[in-house]
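A.B. asks: Got a file for you: protein_38.cif, mmCIF, C-alpha atoms.
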data_final
#
loop_
_atom_site.label_atom_id
_atom_site.label_comp_id
_atom_site.auth_asym_id
_atom_site.auth_seq_id
_atom_site.Cartn_x
_atom_site.Cartn_y
_atom_site.Cartn_z
CA MET A 91 5.06 -17.53 -39.11
CA ASN A 92 8.03 -15.20 -39.21
CA SER A 93 8.99 -14.19 -35.68
CA SER A 94 12.28 -12.40 -36.36
CA ALA A 95 12.53 -9.54 -33.85
CA ASN A 96 14.83 -7.59 -36.19
CA SER A 97 12.48 -7.55 -39.20
CA ASP A 98 9.30 -6.01 -37.75
CA GLU A 99 9.09 -3.38 -40.50
CA VAL A 100 9.11 -6.08 -43.17
CA VAL A 101 6.93 -8.59 -41.35
CA VAL A 102 4.22 -6.06 -40.54
CA ARG A 103 3.70 -5.21 -44.19
CA GLU A 104 3.68 -8.82 -45.37
CA GLU A 105 0.77 -11.20 -45.37
CA THR A 106 1.08 -14.34 -43.31
CA ILE A 107 -0.73 -17.30 -44.82
CA ILE A 108 -1.94 -20.27 -42.81
CA PRO A 109 -2.34 -23.00 -45.43
CA GLY A 110 -5.71 -24.67 -45.78
CA ASN A 111 -6.30 -28.32 -46.47
CA ILE A 112 -8.68 -30.28 -48.69
CA THR A 113 -11.72 -29.00 -46.76
CA SER A 114 -10.59 -25.46 -45.93
CA GLU A 115 -9.11 -22.38 -47.59
CA ASP A 116 -5.85 -20.60 -46.86
CA ILE A 117 -6.13 -17.92 -44.18
CA ILE A 118 -4.43 -14.59 -44.97
CA ILE A 119 -3.41 -12.51 -41.94
CA ARG A 120 -2.30 -8.93 -42.58
CA PRO A 121 -2.65 -5.31 -41.45
CA ALA A 122 -6.23 -4.18 -42.06
CA THR A 123 -6.94 -1.53 -44.71
CA ALA A 124 -9.90 0.73 -45.46
CA ALA A 125 -11.23 -1.98 -47.78
CA ASP A 126 -11.84 -4.12 -44.65
CA ILE A 127 -14.21 -1.65 -42.96
CA PRO A 128 -17.31 -3.58 -44.16
CA TYR A 129 -16.30 -6.40 -41.79
CA ALA A 130 -16.57 -4.12 -38.72
CA GLU A 131 -20.18 -4.99 -37.90
CA GLU A 132 -19.54 -8.74 -38.08
CA ILE A 133 -16.41 -8.39 -35.92
CA ALA A 134 -18.22 -6.37 -33.24
CA ALA A 135 -21.12 -8.85 -33.15
CA GLU A 136 -18.77 -11.83 -32.74
CA MET A 137 -16.83 -10.11 -29.95
CA GLU A 138 -20.04 -9.62 -27.99
CA SER A 139 -21.41 -13.08 -28.76
CA SER A 140 -18.14 -14.79 -27.81
CA ALA A 141 -17.94 -12.94 -24.49
CA LYS A 142 -21.49 -13.98 -23.62
CA ALA A 143 -20.80 -17.60 -24.55
CA ARG A 144 -17.71 -17.69 -22.31
CA GLY A 145 -19.52 -15.92 -19.48
CA THR A 146 -16.55 -13.60 -19.05
CA GLY A 147 -16.22 -9.86 -19.10
CA ILE A 148 -15.20 -7.94 -22.18
CA ALA A 149 -15.52 -4.28 -23.02
CA LYS A 150 -18.07 -3.91 -25.82
CA ARG A 151 -16.75 -2.51 -29.09
CA SER A 152 -19.02 -0.75 -31.56
CA PRO A 153 -18.73 -1.31 -35.32
CA SER A 154 -17.81 2.38 -35.68
CA SER A 155 -14.92 2.07 -33.20
CA ILE A 156 -13.60 -0.99 -35.01
CA ALA A 157 -13.93 0.79 -38.36
CA GLU A 158 -11.97 3.73 -36.93
CA LYS A 159 -9.09 1.45 -35.83
CA ILE A 160 -8.99 -0.02 -39.33
CA ARG A 161 -9.03 3.45 -40.87
CA GLN A 162 -6.14 4.54 -38.63
CA GLY A 163 -3.97 1.58 -39.69
CA LYS A 164 -4.06 0.14 -36.15
CA ALA A 165 -5.61 -3.27 -36.78
CA VAL A 166 -4.80 -6.75 -38.07
CA ILE A 167 -7.35 -8.90 -39.87
CA ALA A 168 -7.55 -12.55 -40.94
CA LEU A 169 -9.54 -13.49 -44.04
CA THR A 170 -9.97 -16.59 -46.15
CA ALA A 171 -8.67 -16.48 -49.70
CA SER A 172 -12.28 -15.90 -50.84
CA GLY A 173 -12.82 -13.00 -48.42
CA ILE A 174 -14.60 -14.56 -45.44
CA TRP A 175 -13.69 -12.86 -42.15
CA ALA A 176 -11.77 -15.18 -39.79
CA GLY A 177 -10.13 -13.03 -37.08
CA PHE A 178 -9.16 -9.57 -35.86
CA SER A 179 -7.25 -7.50 -33.29
CA TYR A 180 -6.36 -3.82 -32.87
CA LEU A 181 -4.09 -1.52 -30.92
CA ASP A 182 -4.78 1.70 -29.05
CA THR A 183 -2.51 4.40 -27.62
CA TRP A 184 -2.60 5.96 -24.15
CA GLU A 185 -0.84 8.77 -22.29
CA GLN A 186 0.62 10.41 -25.40
CA ASP A 187 1.82 7.10 -26.86
CA LYS A 188 3.63 6.04 -23.68
CA PHE A 189 1.42 2.92 -23.50
CA ILE A 190 -0.09 0.76 -26.22
CA SER A 191 -2.87 -1.72 -25.59
CA ASN A 192 -3.32 -4.79 -27.79
CA SER A 193 -7.04 -5.48 -27.65
CA GLY A 194 -10.06 -7.12 -29.17
CA LEU A 195 -8.41 -10.39 -30.24
CA ILE A 196 -11.16 -12.52 -31.74
CA VAL A 197 -11.31 -15.51 -34.08
CA ALA A 198 -14.58 -16.51 -35.74
CA PRO A 199 -15.85 -19.86 -34.34
CA ALA A 200 -15.54 -21.70 -37.65
CA PHE A 201 -11.81 -20.92 -37.82
CA ARG A 202 -10.65 -21.70 -34.29
CA ILE A 203 -7.99 -24.30 -33.43
CA ARG A 204 -5.86 -23.47 -36.49
CA GLY A 205 -3.25 -21.21 -34.90
CA ILE A 206 -4.93 -18.07 -36.23
CA ALA A 207 -5.10 -16.34 -32.82
CA ALA A 208 -1.38 -16.84 -32.24
CA THR A 209 -0.52 -15.38 -35.65
CA ILE A 210 -2.86 -12.40 -35.20
CA LYS A 211 -1.38 -11.78 -31.76
CA GLN A 212 2.14 -11.81 -33.19
CA LYS A 213 1.13 -9.47 -36.04
CA ILE A 214 -0.57 -6.89 -33.78
CA PHE A 215 2.44 -7.00 -31.46
CA GLN A 216 4.79 -6.42 -34.40
CA LEU A 217 2.58 -3.59 -35.68
CA SER A 218 2.64 -1.98 -32.22
CA ARG A 219 6.44 -2.26 -32.03
CA SER A 220 6.82 -0.86 -35.56
CA LEU A 221 4.55 2.16 -35.03
CA TYR A 222 5.57 2.90 -31.41
CA PRO A 223 9.01 1.33 -30.76
CA THR A 224 9.55 2.97 -27.35
CA ALA A 225 6.06 2.38 -25.93
CA LYS A 226 5.16 -0.14 -23.26
CA ILE A 227 2.61 -2.62 -24.60
CA PHE A 228 -0.04 -4.04 -22.30
CA SER A 229 -3.06 -6.28 -22.32
CA ILE A 230 -5.69 -7.13 -19.74
CA THR A 231 -7.50 -10.43 -20.09
CA THR A 232 -9.37 -13.19 -18.30
CA GLY A 233 -8.39 -15.73 -20.98
CA LEU A 234 -5.66 -18.26 -20.30
CA ALA A 235 -4.96 -18.70 -24.02
CA VAL A 236 -4.27 -14.96 -24.45
CA MET A 237 -2.05 -14.97 -21.35
CA LYS A 238 0.01 -17.79 -22.88
CA LEU A 239 0.28 -15.98 -26.22
CA ASN A 240 1.43 -12.80 -24.48
CA THR A 241 3.96 -14.69 -22.37
CA ARG A 242 5.56 -16.15 -25.52
CA LEU A 243 6.03 -12.60 -26.83
CA GLY A 244 7.80 -11.45 -23.66
CA PHE A 245 4.90 -10.00 -21.66
CA GLU A 246 4.94 -10.41 -17.89
CA PRO A 247 2.07 -10.24 -15.39
CA VAL A 248 1.97 -6.92 -13.51
CA THR A 249 -0.30 -4.99 -11.17
CA TYR A 250 -2.70 -2.44 -12.61
CA ALA A 251 -0.46 0.27 -11.16
CA GLU A 252 2.11 -0.54 -13.88
CA ILE A 253 -0.18 -0.02 -16.88
CA THR A 254 -1.88 3.14 -18.12
CA HIS A 255 -3.69 5.43 -15.70
CA ASP A 256 -5.55 7.15 -18.53
CA PRO A 257 -9.22 7.47 -17.45
CA ALA A 258 -10.31 6.94 -21.07
CA PHE A 259 -8.89 3.39 -21.00
CA TRP A 260 -10.96 2.46 -17.96
CA GLU A 261 -14.05 4.11 -19.49
CA GLY A 262 -13.87 1.32 -22.06
CA CYS A 263 -14.50 -1.20 -19.28
CA LYS A 264 -17.92 0.23 -18.47
CA SER A 265 -19.71 -2.21 -20.75
CA CYS A 266 -17.97 -5.19 -19.12
CA VAL A 267 -20.07 -7.31 -16.73
CA ASN A 268 -17.25 -7.05 -14.19
CA TYR A 269 -17.12 -3.25 -14.15
CA PRO A 270 -18.73 -3.03 -10.67
CA ILE A 271 -15.89 -5.21 -9.32
CA LEU A 272 -13.30 -2.93 -10.94
CA CYS A 273 -14.92 0.14 -9.35
CA ALA A 274 -15.21 -1.54 -5.95
CA LYS A 275 -11.47 -2.23 -6.09
CA GLY A 276 -10.68 1.40 -6.92
CA LYS A 277 -9.51 0.30 -10.41
CA GLN A 278 -6.50 -1.33 -8.76
CA ASN A 279 -7.50 -4.86 -9.79
CA CYS A 280 -10.35 -6.92 -11.21
CA LEU A 281 -10.87 -10.38 -12.71
CA CYS A 282 -8.60 -9.51 -15.65
CA THR A 283 -4.87 -10.13 -15.39
CA ALA A 284 -2.65 -7.28 -16.61
CA LEU A 285 0.35 -8.20 -18.74
CA LEU A 286 3.09 -5.81 -19.83
CA PHE A 287 5.87 -5.78 -22.42
CA GLU A 288 8.62 -3.23 -21.80
CA PRO A 289 10.99 -2.51 -24.69
CA SER A 290 14.61 -3.06 -23.77
#
The structure given in the file should be rewritten as structure tokens.
C.D. replies:
Amino acid sequence: MNSSANSDEVVVREETIIPGNITSEDIIIRPATAADIPYAEEIAAEMESSAKARGTGIAKRSPSSIAEKIRQGKAVIALTASGIWAGFSYLDTWEQDKFISNSGLIVAPAFRIRGIAATIKQKIFQLSRSLYPTAKIFSITTGLAVMKLNTRLGFEPVTYAEITHDPAFWEGCKSCVNYPILCAKGKQNCLCTALLFEPS
């Protein structure tokens, strides 16, 4: 995994390959292209299924919204060498590109515990920095693993007051099981932890 902070433009366009072994294929992690849109339905279904299995809140994503992120060049995908979907994440912009959210990080169950999530997270972060170098990048999550990945990239925990105030962002939380808690707290906090990266 190439983590050079000064080569984002190059790294974003390159594939990262996690080598397979005797029983598994190489995993290719790269920016998603229009050719990857057929995976959108499978990605959306796994996001929902994974959230239910963990018993944690997650905003539901439709296949059409995932396809749109791919179409816009705002997503990273992981595939096996033979074209089996293994993982995904996307970015979104808020308040006229002042804030970027890195969202929807998911790895298919059969491919977990191989470092794929960490590589996807790094790639979507690099893509965000490349497309919007002056934007603040944030994430909200209940997952400890995602918090650790963000921390390694320079994110710090913050209050909700320090991330976007765009109503459209919070609309995306409506499908989360914890949305009533968020509303009861006046959208000032919830079960998710907010993490923020501020460019120097």
A.B. asks: For Glu185 of chain A, find every residue with an atom within 8 Å (counting all atoms listed in the file), except residues of its own chain fewer than 5 positions away, and show them as a VMD selection string.
C.D. replies: chain A and resid 254 to 256
A.B. asks: Return as a list in words the set of residues that the PyMOL selection byres ((chain A and resi 243) around 9) yields on the displayed structure.
C.D. replies: Lys211, Gln212, Phe215, Lys238, Leu239, Asn240, Thr241, Arg242, Gly244, Phe245 and Phe287 of chain A
A.B. asks: May I have the residues within 6 Å of Ala176 of chain A as a ChimeraX atom specification, using all atoms listed in the file and disregarding those fewer than 2 positions away in the same chain?
C.D. replies: /A:168-169,197-198
A.B. asks: Which is closest to Ser290 of chain A among A:Ser154, A:Ser114, A:Thr224, A:Asn268, if we use all atoms listed in the file?
C.D. replies: A:Thr224
A.B. asks: For segment 159-161 of chain A, work out the shell of residues within 8 Å, counting only C-alpha atoms and skipping chain neighbours fewer than 5 positions away, then give it as a list in words.
C.D. replies: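 The residues that qualify are Ala122, Thr123, Ala124, Asp126, Ile127, Tyr180 and Leu181 of chain A.
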A.B. asks: Can you pull out the residues contacting Trp184 of chain A? Cut-off 12 Å, using all atoms listed in the file, and skip same-chain residues under 5 positions away; I want them as an mmCIF file with C-alpha atoms, in the coordinates of the input.
C.D. replies:
data_model
loop_
_atom_site.group_PDB
_atom_site.id
_atom_site.type_symbol
_atom_site.label_atom_id
_atom_site.label_comp_id
_atom_site.auth_asym_id
_atom_site.auth_seq_id
_atom_site.Cartn_x
_atom_site.Cartn_y
_atom_site.Cartn_z
ATOM 1 C CA PHE A 189 1.420 2.920 -23.500
ATOM 2 C CA ILE A 190 -0.090 0.760 -26.220
ATOM 3 C CA SER A 191 -2.870 -1.720 -25.590
ATOM 4 C CA ASN A 192 -3.320 -4.790 -27.790
ATOM 5 C CA TYR A 222 5.570 2.900 -31.410
ATOM 6 C CA ALA A 225 6.060 2.380 -25.930
ATOM 7 C CA LYS A 226 5.160 -0.140 -23.260
ATOM 8 C CA ILE A 227 2.610 -2.620 -24.600
ATOM 9 C CA PHE A 228 -0.040 -4.040 -22.300
ATOM 10 C CA ILE A 253 -0.180 -0.020 -16.880
ATOM 11 C CA THR A 254 -1.880 3.140 -18.120
ATOM 12 C CA HIS A 255 -3.690 5.430 -15.700
ATOM 13 C CA ASP A 256 -5.550 7.150 -18.530
ATOM 14 C CA PRO A 257 -9.220 7.470 -17.450
ATOM 15 C CA ALA A 258 -10.310 6.940 -21.070
ATOM 16 C CA PHE A 259 -8.890 3.390 -21.000
ATOM 17 C CA TRP A 260 -10.960 2.460 -17.960
#
A.B. asks: In Å, with one decimal, what is the gap from atom CA of Thr231 of chain A to atom CA of Thr283 of chain A?
C.D. replies: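 Going from atom CA of Thr231 of chain A over to atom CA of Thr283 of chain A, I get 5.4 Å.
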A.B. asks: For atom CA of Leu285 of chain A and atom CA of Glu138 of chain A, quote the distance in Å rounded to one decimal.
C.D. replies: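 Going from atom CA of Leu285 of chain A over to atom CA of Glu138 of chain A, I get 22.4 Å.
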A.B. asks: Between atom CA of Leu281 of chain A and atom CA of Pro223 of chain A, what is the distance in Å, rounded to a tenth?
C.D. replies: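 A separation of 29.3 Å between them.
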A.B. asks: Return the single residue from A:Ala235, A:Trp175, A:Asp182, A:Lys264 that is closest to Ile203 of chain A, with distances computed using all atoms listed in the file.
C.D. replies: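 Comparing A:Ala235, A:Trp175, A:Asp182, A:Lys264 against Ile203 of chain A, the winner is A:Ala235.
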A.B. asks: Which residues come within 7 Å of Ile119 of chain A, counting all atoms listed in the file, excluding same-chain residues fewer than 3 positions away, as a list in words?
C.D. replies: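 Returned residues: Glu105, Thr106, Ile107, Ile167, Ala168, Leu169 and Ile210 of chain A.
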A.B. asks: Name the closest residue to Glu252 of chain A among the candidates A:Ser172, A:Ser229, A:Ser152, A:Gln186; distances are taken between atoms, counting all atoms listed in the file.
C.D. replies: A:Ser229
A.B. asks: With 8 Å as the threshold, what does the neighbourhood of (-15.4, 2.2, -14.2) contain in terms of residues, counting only C-alpha atoms? Coordinates are those of the file; answer as a list in words.
C.D. replies: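 Final list of nearby residues, as requested, is Trp260, Glu261, Cys263, Lys264, Tyr269, Pro270, Leu272, Cys273 and Lys277 of chain A.
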A.B. asks: Could you write out the selected residues, including C-alpha atoms, as a PDB file, in the coordinates of the input?
C.D. replies:
ATOM      1  CA  TRP A 260     -10.960   2.460 -17.960  1.00  0.00           C
ATOM      2  CA  GLU A 261     -14.050   4.110 -19.490  1.00  0.00           C
ATOM      3  CA  CYS A 263     -14.500  -1.200 -19.280  1.00  0.00           C
ATOM      4  CA  LYS A 264     -17.920   0.230 -18.470  1.00  0.00           C
ATOM      5  CA  TYR A 269     -17.120  -3.250 -14.150  1.00  0.00           C
ATOM      6  CA  PRO A 270     -18.730  -3.030 -10.670  1.00  0.00           C
ATOM      7  CA  LEU A 272     -13.300  -2.930 -10.940  1.00  0.00           C
ATOM      8  CA  CYS A 273     -14.920   0.140  -9.350  1.00  0.00           C
ATOM      9  CA  LYS A 277      -9.510   0.300 -10.410  1.00  0.00           C
TER      10      LYS A 277
END
A.B. asks: Would you fill out segment 239-268 of chain A with N, CA and C atoms and return it as a PDB file, in the frame of the given file?
C.D. replies:
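In the end it all went to result05.pdb:
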ATOM      1  N   LEU A 239      -0.230 -16.632 -25.010  1.00  0.00           N
ATOM      2  CA  LEU A 239       0.280 -15.980 -26.220  1.00  0.00           C
ATOM      3  C   LEU A 239       1.143 -14.775 -25.861  1.00  0.00           C
ATOM      4  N   ASN A 240       0.675 -13.975 -24.909  1.00  0.00           N
ATOM      5  CA  ASN A 240       1.430 -12.800 -24.480  1.00  0.00           C
ATOM      6  C   ASN A 240       2.769 -13.195 -23.854  1.00  0.00           C
ATOM      7  N   THR A 241       2.749 -14.233 -23.045  1.00  0.00           N
ATOM      8  CA  THR A 241       3.960 -14.690 -22.370  1.00  0.00           C
ATOM      9  C   THR A 241       5.032 -15.085 -23.399  1.00  0.00           C
ATOM     10  N   ARG A 242       4.612 -15.750 -24.473  1.00  0.00           N
ATOM     11  CA  ARG A 242       5.560 -16.150 -25.520  1.00  0.00           C
ATOM     12  C   ARG A 242       6.209 -14.948 -26.195  1.00  0.00           C
ATOM     13  N   LEU A 243       5.502 -13.820 -26.202  1.00  0.00           N
ATOM     14  CA  LEU A 243       6.030 -12.600 -26.830  1.00  0.00           C
ATOM     15  C   LEU A 243       6.853 -11.753 -25.876  1.00  0.00           C
ATOM     16  N   GLY A 244       6.974 -12.179 -24.620  1.00  0.00           N
ATOM     17  CA  GLY A 244       7.800 -11.450 -23.660  1.00  0.00           C
ATOM     18  C   GLY A 244       7.025 -10.592 -22.670  1.00  0.00           C
ATOM     19  N   PHE A 245       5.702 -10.708 -22.651  1.00  0.00           N
ATOM     20  CA  PHE A 245       4.900 -10.000 -21.660  1.00  0.00           C
ATOM     21  C   PHE A 245       5.052 -10.676 -20.300  1.00  0.00           C
ATOM     22  N   GLU A 246       4.914  -9.870 -19.246  1.00  0.00           N
ATOM     23  CA  GLU A 246       4.940 -10.410 -17.890  1.00  0.00           C
ATOM     24  C   GLU A 246       3.744  -9.898 -17.117  1.00  0.00           C
ATOM     25  N   PRO A 247       3.192 -10.716 -16.198  1.00  0.00           N
ATOM     26  CA  PRO A 247       2.070 -10.240 -15.390  1.00  0.00           C
ATOM     27  C   PRO A 247       2.507  -9.114 -14.463  1.00  0.00           C
ATOM     28  N   VAL A 248       1.661  -8.085 -14.346  1.00  0.00           N
ATOM     29  CA  VAL A 248       1.970  -6.920 -13.510  1.00  0.00           C
ATOM     30  C   VAL A 248       0.706  -6.496 -12.774  1.00  0.00           C
ATOM     31  N   THR A 249       0.861  -5.591 -11.822  1.00  0.00           N
ATOM     32  CA  THR A 249      -0.300  -4.990 -11.170  1.00  0.00           C
ATOM     33  C   THR A 249      -0.865  -3.900 -12.071  1.00  0.00           C
ATOM     34  N   TYR A 250      -2.085  -3.503 -11.815  1.00  0.00           N
ATOM     35  CA  TYR A 250      -2.700  -2.440 -12.610  1.00  0.00           C
ATOM     36  C   TYR A 250      -1.948  -1.116 -12.462  1.00  0.00           C
ATOM     37  N   ALA A 251      -1.219  -0.962 -11.375  1.00  0.00           N
ATOM     38  CA  ALA A 251      -0.460   0.270 -11.160  1.00  0.00           C
ATOM     39  C   ALA A 251       0.617   0.472 -12.225  1.00  0.00           C
ATOM     40  N   GLU A 252       1.026  -0.618 -12.913  1.00  0.00           N
ATOM     41  CA  GLU A 252       2.110  -0.540 -13.880  1.00  0.00           C
ATOM     42  C   GLU A 252       1.650  -0.317 -15.317  1.00  0.00           C
ATOM     43  N   ILE A 253       0.319  -0.301 -15.536  1.00  0.00           N
ATOM     44  CA  ILE A 253      -0.180  -0.020 -16.880  1.00  0.00           C
ATOM     45  C   ILE A 253      -0.772   1.393 -16.896  1.00  0.00           C
ATOM     46  N   THR A 254      -1.403   1.768 -17.980  1.00  0.00           N
ATOM     47  CA  THR A 254      -1.880   3.140 -18.120  1.00  0.00           C
ATOM     48  C   THR A 254      -2.833   3.562 -17.001  1.00  0.00           C
ATOM     49  N   HIS A 255      -2.744   4.839 -16.652  1.00  0.00           N
ATOM     50  CA  HIS A 255      -3.690   5.430 -15.700  1.00  0.00           C
ATOM     51  C   HIS A 255      -4.684   6.331 -16.417  1.00  0.00           C
ATOM     52  N   ASP A 256      -4.674   6.306 -17.732  1.00  0.00           N
ATOM     53  CA  ASP A 256      -5.550   7.150 -18.530  1.00  0.00           C
ATOM     54  C   ASP A 256      -7.016   6.796 -18.240  1.00  0.00           C
ATOM     55  N   PRO A 257      -7.810   7.747 -17.754  1.00  0.00           N
ATOM     56  CA  PRO A 257      -9.220   7.470 -17.450  1.00  0.00           C
ATOM     57  C   PRO A 257      -9.998   6.945 -18.657  1.00  0.00           C
ATOM     58  N   ALA A 258      -9.600   7.369 -19.866  1.00  0.00           N
ATOM     59  CA  ALA A 258     -10.310   6.940 -21.070  1.00  0.00           C
ATOM     60  C   ALA A 258     -10.184   5.425 -21.277  1.00  0.00           C
ATOM     61  N   PHE A 259      -9.041   4.845 -20.871  1.00  0.00           N
ATOM     62  CA  PHE A 259      -8.890   3.390 -21.000  1.00  0.00           C
ATOM     63  C   PHE A 259      -9.918   2.684 -20.130  1.00  0.00           C
ATOM     64  N   TRP A 260     -10.046   3.120 -18.896  1.00  0.00           N
ATOM     65  CA  TRP A 260     -10.960   2.460 -17.960  1.00  0.00           C
ATOM     66  C   TRP A 260     -12.416   2.727 -18.293  1.00  0.00           C
ATOM     67  N   GLU A 261     -12.681   3.849 -19.003  1.00  0.00           N
ATOM     68  CA  GLU A 261     -14.050   4.110 -19.490  1.00  0.00           C
ATOM     69  C   GLU A 261     -14.501   2.977 -20.401  1.00  0.00           C
ATOM     70  N   GLY A 262     -13.542   2.415 -21.148  1.00  0.00           N
ATOM     71  CA  GLY A 262     -13.870   1.320 -22.060  1.00  0.00           C
ATOM     72  C   GLY A 262     -14.334   0.067 -21.356  1.00  0.00           C
ATOM     73  N   CYS A 263     -14.080  -0.024 -20.052  1.00  0.00           N
ATOM     74  CA  CYS A 263     -14.500  -1.200 -19.280  1.00  0.00           C
ATOM     75  C   CYS A 263     -15.939  -1.109 -18.801  1.00  0.00           C
ATOM     76  N   LYS A 264     -16.575   0.032 -19.007  1.00  0.00           N
ATOM     77  CA  LYS A 264     -17.920   0.230 -18.470  1.00  0.00           C
ATOM     78  C   LYS A 264     -18.935  -0.785 -18.982  1.00  0.00           C
ATOM     79  N   SER A 265     -18.754  -1.254 -20.201  1.00  0.00           N
ATOM     80  CA  SER A 265     -19.710  -2.210 -20.750  1.00  0.00           C
ATOM     81  C   SER A 265     -19.421  -3.648 -20.333  1.00  0.00           C
ATOM     82  N   CYS A 266     -18.328  -3.857 -19.598  1.00  0.00           N
ATOM     83  CA  CYS A 266     -17.970  -5.190 -19.120  1.00  0.00           C
ATOM     84  C   CYS A 266     -18.841  -5.572 -17.918  1.00  0.00           C
ATOM     85  N   VAL A 267     -19.233  -6.844 -17.849  1.00  0.00           N
ATOM     86  CA  VAL A 267     -20.070  -7.310 -16.730  1.00  0.00           C
ATOM     87  C   VAL A 267     -19.350  -7.185 -15.394  1.00  0.00           C
ATOM     88  N   ASN A 268     -18.030  -7.121 -15.429  1.00  0.00           N
ATOM     89  CA  ASN A 268     -17.250  -7.050 -14.190  1.00  0.00           C
ATOM     90  C   ASN A 268     -16.911  -5.621 -13.767  1.00  0.00           C
TER      91      ASN A 268
END
